[in-house]
$ cat my_file.tsv   # TSV, C-alpha atoms
chain	number	residue	atom	x	y	z
J	2	MET	CA	0.00	0.00	0.00
J	3	LYS	CA	1.38	3.38	-0.98
J	4	ILE	CA	1.37	6.23	1.52
J	5	TYR	CA	0.18	8.68	-1.11
J	6	THR	CA	-3.25	8.28	-2.68
J	7	LYS	CA	-3.54	11.55	-4.63
J	8	THR	CA	-7.23	11.68	-3.61
J	9	GLY	CA	-6.64	14.88	-1.61
J	10	ASP	CA	-4.87	16.76	-4.35
J	11	ALA	CA	-7.94	18.91	-5.03
J	12	GLY	CA	-8.12	20.09	-1.41
J	13	ASP	CA	-10.65	17.67	0.02
J	14	THR	CA	-10.33	14.57	2.20
J	15	GLY	CA	-12.27	11.42	2.94
J	16	LEU	CA	-13.97	10.76	6.26
J	17	PHE	CA	-14.24	7.44	8.08
J	18	GLY	CA	-17.45	5.80	6.98
J	19	GLY	CA	-17.58	7.68	3.70
J	20	GLY	CA	-18.05	11.17	2.39
J	21	ARG	CA	-15.59	13.89	1.51
J	22	VAL	CA	-15.17	17.39	2.90
J	23	PRO	CA	-12.79	20.30	2.24
J	24	LYS	CA	-9.53	20.07	4.18
J	25	ASN	CA	-10.46	23.26	6.04
J	26	HIS	CA	-13.81	21.84	7.22
J	27	PRO	CA	-14.37	22.24	11.00
J	28	ARG	CA	-14.29	18.44	11.39
J	29	VAL	CA	-10.87	18.22	9.70
J	30	GLU	CA	-9.58	21.20	11.72
J	31	ALA	CA	-10.68	19.47	14.94
J	32	TYR	CA	-9.14	16.08	14.26
J	33	GLY	CA	-6.06	17.75	12.75
J	34	ASP	CA	-5.45	19.63	15.99
J	35	VAL	CA	-5.93	16.43	17.99
J	36	ASP	CA	-3.35	14.77	15.73
J	37	GLU	CA	-0.95	17.68	16.25
J	38	LEU	CA	-1.50	17.39	20.00
J	39	ASN	CA	-0.69	13.69	19.87
J	40	ALA	CA	2.57	14.43	18.01
J	41	ALA	CA	3.50	17.15	20.52
J	42	ILE	CA	2.96	14.73	23.39
J	43	GLY	CA	5.12	12.19	21.55
J	44	MET	CA	7.85	14.81	21.28
J	45	ALA	CA	7.54	15.60	24.99
J	46	ARG	CA	7.92	11.90	25.76
J	47	ALA	CA	11.06	11.72	23.62
J	48	ILE	CA	12.70	14.60	25.47
J	49	GLU	CA	14.40	13.89	28.77
J	50	GLN	CA	12.56	10.69	29.61
J	51	MET	CA	10.84	10.68	33.00
J	52	PRO	CA	9.22	7.29	33.56
J	53	ARG	CA	6.27	8.22	35.80
J	54	ILE	CA	5.33	11.16	33.60
J	55	ASP	CA	5.77	9.19	30.38
J	56	GLU	CA	3.68	6.31	31.76
J	57	VAL	CA	0.79	8.77	32.13
J	58	LEU	CA	1.27	10.09	28.61
J	59	VAL	CA	1.28	6.80	26.63
J	60	PRO	CA	-2.39	6.00	27.37
J	61	VAL	CA	-3.25	9.63	26.59
J	62	GLN	CA	-1.75	9.20	23.13
J	63	ARG	CA	-3.89	6.12	22.60
J	64	ASP	CA	-6.96	8.05	23.74
J	65	LEU	CA	-6.14	10.82	21.28
J	66	PHE	CA	-6.02	8.35	18.38
J	67	ALA	CA	-9.53	7.24	19.32
J	68	ILE	CA	-10.74	10.82	19.67
J	69	GLY	CA	-9.24	11.69	16.28
J	70	ALA	CA	-11.01	8.71	14.72
J	71	LEU	CA	-14.25	9.75	16.40
J	72	LEU	CA	-13.94	13.29	15.05
J	73	ALA	CA	-13.23	11.95	11.55
J	74	THR	CA	-16.42	9.86	11.69
J	75	PRO	CA	-19.71	11.57	10.89
J	76	ASP	CA	-21.72	8.46	11.90
J	77	ARG	CA	-22.95	8.71	15.53
J	78	GLU	CA	-22.95	4.96	16.12
J	79	ARG	CA	-19.34	4.68	14.97
J	80	MET	CA	-18.46	7.63	17.25
J	81	ARG	CA	-19.90	5.72	20.20
J	82	GLN	CA	-17.90	2.63	19.19
J	83	HIS	CA	-14.67	4.65	19.04
J	84	LEU	CA	-15.26	5.95	22.59
J	85	GLU	CA	-16.03	2.45	23.86
J	86	LYS	CA	-12.99	0.94	22.13
J	87	ALA	CA	-10.73	3.52	23.72
J	88	ARG	CA	-12.50	3.24	27.07
J	89	ILE	CA	-12.88	6.99	27.24
J	90	ASP	CA	-15.55	7.38	29.86
J	91	ASP	CA	-16.16	8.92	33.28
J	92	ALA	CA	-13.71	6.44	34.85
J	93	ARG	CA	-10.97	7.55	32.43
J	94	ILE	CA	-11.64	11.20	33.32
J	95	ALA	CA	-11.40	10.28	37.03
J	96	GLU	CA	-8.09	8.52	36.35
J	97	MET	CA	-6.73	11.68	34.74
J	98	GLU	CA	-7.93	13.72	37.72
J	99	ARG	CA	-6.07	11.35	40.08
J	100	SER	CA	-2.92	11.90	38.00
J	101	ILE	CA	-3.41	15.66	38.33
J	102	ASP	CA	-3.90	15.32	42.08
J	103	ASP	CA	-0.82	13.08	42.42
J	104	GLY	CA	1.29	15.59	40.49
J	105	THR	CA	-0.09	18.53	42.45
J	106	ALA	CA	0.86	16.79	45.71
J	107	GLU	CA	4.53	16.99	44.62
J	108	LEU	CA	4.38	20.71	43.93
J	109	ASP	CA	4.40	23.92	45.89
J	110	PRO	CA	1.01	25.64	45.84
J	111	LEU	CA	0.36	27.70	42.75
J	112	ARG	CA	0.36	31.40	43.70
J	113	ALA	CA	0.98	33.09	40.35
J	114	PHE	CA	0.89	32.46	36.62
J	115	ILE	CA	3.79	30.31	35.43
J	116	LEU	CA	5.75	31.32	32.35
J	117	PRO	CA	6.14	28.29	30.06
J	118	GLY	CA	9.70	27.06	29.94
J	119	GLY	CA	12.28	25.59	32.25
J	120	ALA	CA	13.52	22.10	31.52
J	121	PRO	CA	13.13	20.90	27.90
J	122	LYS	CA	10.48	18.32	28.88
J	123	SER	CA	8.48	20.94	30.75
J	124	ALA	CA	8.64	23.36	27.83
J	125	ALA	CA	7.47	20.61	25.45
J	126	LEU	CA	4.57	19.77	27.77
J	127	HIS	CA	3.57	23.43	27.85
J	128	VAL	CA	3.52	23.47	24.03
J	129	ALA	CA	1.33	20.35	24.10
J	130	ARG	CA	-0.97	22.07	26.61
J	131	THR	CA	-1.52	25.04	24.31
J	132	ILE	CA	-2.20	22.74	21.35
J	133	CYS	CA	-4.67	20.88	23.56
J	134	ARG	CA	-6.51	24.12	24.30
J	135	ARG	CA	-6.69	24.87	20.56
J	136	ALA	CA	-8.00	21.37	19.86
J	137	GLU	CA	-10.62	21.89	22.55
J	138	ARG	CA	-11.72	25.15	20.92
J	139	ARG	CA	-11.95	23.43	17.52
J	140	VAL	CA	-14.10	20.64	18.95
J	141	VAL	CA	-16.39	23.19	20.61
J	142	GLU	CA	-16.67	24.95	17.25
J	143	LEU	CA	-17.47	21.63	15.55
J	144	GLN	CA	-20.18	20.99	18.15
J	145	GLU	CA	-21.95	24.08	16.83
J	146	HIS	CA	-22.42	22.27	13.50
J	147	THR	CA	-22.75	18.62	14.43
J	148	GLU	CA	-23.32	16.37	17.40
J	149	ILE	CA	-20.10	15.41	19.17
J	150	PRO	CA	-20.18	13.46	22.45
J	151	PRO	CA	-19.72	15.96	25.32
J	152	LEU	CA	-17.10	13.64	26.80
J	153	VAL	CA	-14.64	14.72	24.09
J	154	VAL	CA	-14.61	18.34	25.32
J	155	ILE	CA	-14.45	17.19	28.95
J	156	TYR	CA	-11.49	14.94	28.11
J	157	LEU	CA	-9.57	17.70	26.32
J	158	ASN	CA	-10.31	20.18	29.08
J	159	ARG	CA	-9.00	17.79	31.72
J	160	LEU	CA	-6.03	16.87	29.54
J	161	SER	CA	-4.87	20.49	29.35
J	162	ASP	CA	-4.92	20.61	33.17
J	163	LEU	CA	-2.96	17.35	33.28
J	164	LEU	CA	-0.36	18.64	30.83
J	165	PHE	CA	0.05	21.84	32.86
J	166	THR	CA	0.56	19.83	36.03
J	167	LEU	CA	2.99	17.43	34.36
J	168	ALA	CA	4.97	20.39	32.99
J	169	ARG	CA	5.34	21.73	36.53
J	170	VAL	CA	6.30	18.30	37.85
J	171	ALA	CA	8.88	17.89	35.06
J	172	ASN	CA	10.46	21.20	36.02
J	173	LYS	CA	10.60	20.24	39.67
J	174	ARG	CA	12.09	16.81	38.96
J	175	ALA	CA	14.68	18.34	36.63
J	176	GLY	CA	15.63	20.90	39.29
J	177	ALA	CA	14.49	23.79	37.13
J	178	GLY	CA	12.76	26.63	38.89
J	179	GLU	CA	9.52	28.16	37.75
J	180	VAL	CA	9.42	31.73	36.53
J	181	THR	CA	6.24	33.50	37.56
J	182	TRP	CA	4.50	36.40	35.93
$ encode --input "my_file.tsv" --output "structure tokens"
Amino acid sequence: MKIYTKTGDAGDTGLFGGGRVPKNHPRVEAYGDVDELNAAIGMARAIEQMPRIDEVLVPVQRDLFAIGALLATPDRERMRQHLEKARIDDARIAEMERSIDDGTAELDPLRAFILPGGAPKSAALHVARTICRRAERRVVELQEHTEIPPLVVIYLNRLSDLLFTLARVANKRAGAGEVTW
């Protein structure tokens, strides 16, 4: 199988389950940002490996593949199947919240805004966090045009909090101080 199909050369793309839309369609923008987020998290994992942080991020990357597939699928039943396959549910959200709480327990209380930066891993996690926020905005925009399970926005919202916390933890573990605003 060749990697190039030439089917998108006219500026449109195929969706899972059929149909074609322009490459700037809100659905494509949403799953494209989720894909970019997944790549940014992969880059953060590749920088300055920190086992406990990276162990939290691997399942997130799997979740994001499922969310991307869901967003690329206009069929509601297939969307539901993608969520079930990935096990993205209230229990998964609670698991992410526990990871946030565990990370927060390692940190000094937050008393000011933190400037993104510090250790390379922390900086990469901050970039991923901002991409996550953009992906969340794109999904909210897509929800204005089509039905998307609310759990997708909840997941992305919680993920940005997790990435922020992990960025702070990475800085602390690397011995890098935080610069406040």
$ atom_distance --input "my_file.tsv" --atom1 "atom CA of Lys24 of chain J" --atom2 "atom CA of Gly12 of chain J"
5.8 Å
$ closest_atom_pairs --input "my_file.tsv" --of "segment 42-123 of chain J" --to "segment 135-155 of chain J" --cutoff "12 Å" --atoms "only C-alpha atoms" --output "CSV"
residue,atom,partner,partner_atom,distance
J:Asp64,CA,J:Val153,CA,10.2
J:Leu65,CA,J:Val153,CA,9.8
J:Ala67,CA,J:Val153,CA,10.2
J:Ile68,CA,J:Val153,CA,7.1
J:Gly69,CA,J:Val153,CA,10.0
J:Ala70,CA,J:Val153,CA,11.7
J:Leu71,CA,J:Ile149,CA,8.6
J:Leu72,CA,J:Ile149,CA,7.7
J:Ala73,CA,J:Ile149,CA,10.8
J:Thr74,CA,J:Ile149,CA,10.0
J:Pro75,CA,J:Thr147,CA,8.5
J:Asp76,CA,J:Glu148,CA,9.8
J:Arg77,CA,J:Glu148,CA,7.9
J:Glu78,CA,J:Pro150,CA,11.0
J:Arg79,CA,J:Ile149,CA,11.5
J:Met80,CA,J:Pro150,CA,8.0
J:Arg81,CA,J:Pro150,CA,8.1
J:Gln82,CA,J:Pro150,CA,11.5
J:His83,CA,J:Pro150,CA,10.9
J:Leu84,CA,J:Val153,CA,8.9
J:Glu85,CA,J:Leu152,CA,11.6
J:Ala87,CA,J:Val153,CA,11.9
J:Arg88,CA,J:Leu152,CA,11.4
J:Ile89,CA,J:Leu152,CA,7.9
J:Asp90,CA,J:Leu152,CA,7.1
J:Asp91,CA,J:Leu152,CA,8.1
J:Ala92,CA,J:Leu152,CA,11.3
J:Arg93,CA,J:Leu152,CA,10.3
J:Ile94,CA,J:Ile155,CA,7.9
J:Ala95,CA,J:Ile155,CA,11.1
J:Met97,CA,J:Ile155,CA,11.1
J:Glu98,CA,J:Ile155,CA,11.5
$ atom_distance --input "my_file.tsv" --atom1 "atom CA of Gln50 of chain J" --atom2 "atom CA of Ala113 of chain J"
27.4 Å
$ closest_residue --input "my_file.tsv" --among "J:Asn39, J:Ser100, J:Thr131, J:Ser123" --to "Asn172 of chain J" --atoms "all atoms listed in the file"
J:Ser123
$ residues_near_point --input "my_file.tsv" --point "(10.2, 14.2, 33.9)" --cutoff "9 Å" --atoms "all atoms listed in the file" --output "ChimeraX atom specification"
/J:46,48-55,120,122-123,167-168,170-175
$ atom_distance --input "my_file.tsv" --atom1 "atom CA of Ala125 of chain J" --atom2 "atom CA of Val29 of chain J"
24.3 Å
$ closest_residue --input "my_file.tsv" --among "J:His26, J:Lys3, J:Arg21, J:Arg169" --to "Glu107 of chain J" --atoms "only C-alpha atoms"
J:Arg169
$ residues_around --input "my_file.tsv" --residues "Thr14 of chain J" --least-positions-apart "5" --cutoff "12 Å" --atoms "only C-alpha atoms" --output "list in words"
Thr6, Lys7, Thr8, Gly9, Gly19, Gly20, Arg21, Val22, Pro23, Lys24, Asn25, His26, Arg28, Val29, Glu30, Gly33 and Ala73 of chain J
$ closest_residue --input "my_file.tsv" --among "J:Gly18, J:Gly43, J:Pro27, J:Gly178" --to "Gly118 of chain J" --atoms "all atoms listed in the file"
J:Gly178
$ closest_residue --input "my_file.tsv" --among "J:Leu108, J:Cys133, J:Leu164, J:Ala40" --to "Phe66 of chain J" --atoms "all atoms listed in the file"
J:Ala40
$ residues_around --input "my_file.tsv" --residues "Phe165 of chain J" --least-positions-apart "3" --cutoff "8 Å" --atoms "all atoms listed in the file" --output "list in words"
Leu126, His127, Arg130, Ser161, Asp162, Ala168 and Arg169 of chain J
$ closest_residue --input "my_file.tsv" --among "J:Ile132, J:Leu160, J:Leu58, J:Pro117" --to "Ala45 of chain J" --atoms "all atoms listed in the file"
J:Leu58
$ build_atoms --input "my_file.tsv" --residues "segment 153-178 of chain J" --atoms "N, CA and C atoms" --output "mmCIF file, keeping the file's coordinate frame"
data_model
loop_
_atom_site.group_PDB
_atom_site.id
_atom_site.type_symbol
_atom_site.label_atom_id
_atom_site.label_comp_id
_atom_site.auth_asym_id
_atom_site.auth_seq_id
_atom_site.Cartn_x
_atom_site.Cartn_y
_atom_site.Cartn_z
ATOM 1 N N VAL J 153 -15.854 14.330 24.817
ATOM 2 C CA VAL J 153 -14.640 14.720 24.090
ATOM 3 C C VAL J 153 -14.127 16.065 24.615
ATOM 4 N N VAL J 154 -15.022 17.027 24.806
ATOM 5 C CA VAL J 154 -14.610 18.340 25.320
ATOM 6 C C VAL J 154 -14.147 18.199 26.772
ATOM 7 N N ILE J 155 -14.851 17.409 27.554
ATOM 8 C CA ILE J 155 -14.450 17.190 28.950
ATOM 9 C C ILE J 155 -13.046 16.586 28.987
ATOM 10 N N TYR J 156 -12.805 15.592 28.154
ATOM 11 C CA TYR J 156 -11.490 14.940 28.110
ATOM 12 C C TYR J 156 -10.396 15.950 27.777
ATOM 13 N N LEU J 157 -10.597 16.734 26.732
ATOM 14 C CA LEU J 157 -9.570 17.700 26.320
ATOM 15 C C LEU J 157 -9.360 18.779 27.377
ATOM 16 N N ASN J 158 -10.427 19.188 28.030
ATOM 17 C CA ASN J 158 -10.310 20.180 29.080
ATOM 18 C C ASN J 158 -9.475 19.632 30.232
ATOM 19 N N ARG J 159 -9.763 18.416 30.642
ATOM 20 C CA ARG J 159 -9.000 17.790 31.720
ATOM 21 C C ARG J 159 -7.563 17.524 31.302
ATOM 22 N N LEU J 160 -7.379 17.148 30.034
ATOM 23 C CA LEU J 160 -6.030 16.870 29.540
ATOM 24 C C LEU J 160 -5.149 18.115 29.609
ATOM 25 N N SER J 161 -5.699 19.279 29.283
ATOM 26 C CA SER J 161 -4.870 20.490 29.350
ATOM 27 C C SER J 161 -4.435 20.750 30.784
ATOM 28 N N ASP J 162 -5.309 20.468 31.757
ATOM 29 C CA ASP J 162 -4.920 20.610 33.170
ATOM 30 C C ASP J 162 -3.839 19.594 33.532
ATOM 31 N N LEU J 163 -3.967 18.383 33.021
ATOM 32 C CA LEU J 163 -2.960 17.350 33.280
ATOM 33 C C LEU J 163 -1.615 17.753 32.692
ATOM 34 N N LEU J 164 -1.620 18.243 31.465
ATOM 35 C CA LEU J 164 -0.360 18.640 30.830
ATOM 36 C C LEU J 164 0.299 19.795 31.567
ATOM 37 N N PHE J 165 -0.490 20.734 32.065
ATOM 38 C CA PHE J 165 0.050 21.840 32.860
ATOM 39 C C PHE J 165 0.712 21.302 34.121
ATOM 40 N N THR J 166 0.020 20.404 34.798
ATOM 41 C CA THR J 166 0.560 19.830 36.030
ATOM 42 C C THR J 166 1.827 19.038 35.751
ATOM 43 N N LEU J 167 1.803 18.219 34.699
ATOM 44 C CA LEU J 167 2.990 17.430 34.360
ATOM 45 C C LEU J 167 4.168 18.323 33.975
ATOM 46 N N ALA J 168 3.897 19.450 33.332
ATOM 47 C CA ALA J 168 4.970 20.390 32.990
ATOM 48 C C ALA J 168 5.615 20.929 34.264
ATOM 49 N N ARG J 169 4.807 21.251 35.249
ATOM 50 C CA ARG J 169 5.340 21.730 36.530
ATOM 51 C C ARG J 169 6.137 20.641 37.234
ATOM 52 N N VAL J 170 5.611 19.420 37.213
ATOM 53 C CA VAL J 170 6.300 18.300 37.850
ATOM 54 C C VAL J 170 7.640 18.052 37.141
ATOM 55 N N ALA J 171 7.643 18.101 35.816
ATOM 56 C CA ALA J 171 8.880 17.890 35.060
ATOM 57 C C ALA J 171 9.930 18.924 35.442
ATOM 58 N N ASN J 172 9.520 20.164 35.593
ATOM 59 C CA ASN J 172 10.460 21.200 36.020
ATOM 60 C C ASN J 172 11.012 20.908 37.406
ATOM 61 N N LYS J 173 10.147 20.520 38.305
ATOM 62 C CA LYS J 173 10.600 20.240 39.670
ATOM 63 C C LYS J 173 11.577 19.063 39.674
ATOM 64 N N ARG J 174 11.231 17.991 38.974
ATOM 65 C CA ARG J 174 12.090 16.810 38.960
ATOM 66 C C ARG J 174 13.427 17.080 38.280
ATOM 67 N N ALA J 175 13.434 18.003 37.336
ATOM 68 C CA ALA J 175 14.680 18.340 36.630
ATOM 69 C C ALA J 175 15.495 19.377 37.410
ATOM 70 N N GLY J 176 14.921 19.885 38.497
ATOM 71 C CA GLY J 176 15.630 20.900 39.290
ATOM 72 C C GLY J 176 15.559 22.284 38.683
ATOM 73 N N ALA J 177 14.662 22.481 37.752
ATOM 74 C CA ALA J 177 14.490 23.790 37.130
ATOM 75 C C ALA J 177 13.449 24.581 37.926
ATOM 76 N N GLY J 178 13.730 25.802 38.190
ATOM 77 C CA GLY J 178 12.760 26.630 38.890
ATOM 78 C C GLY J 178 11.679 27.134 37.954
#
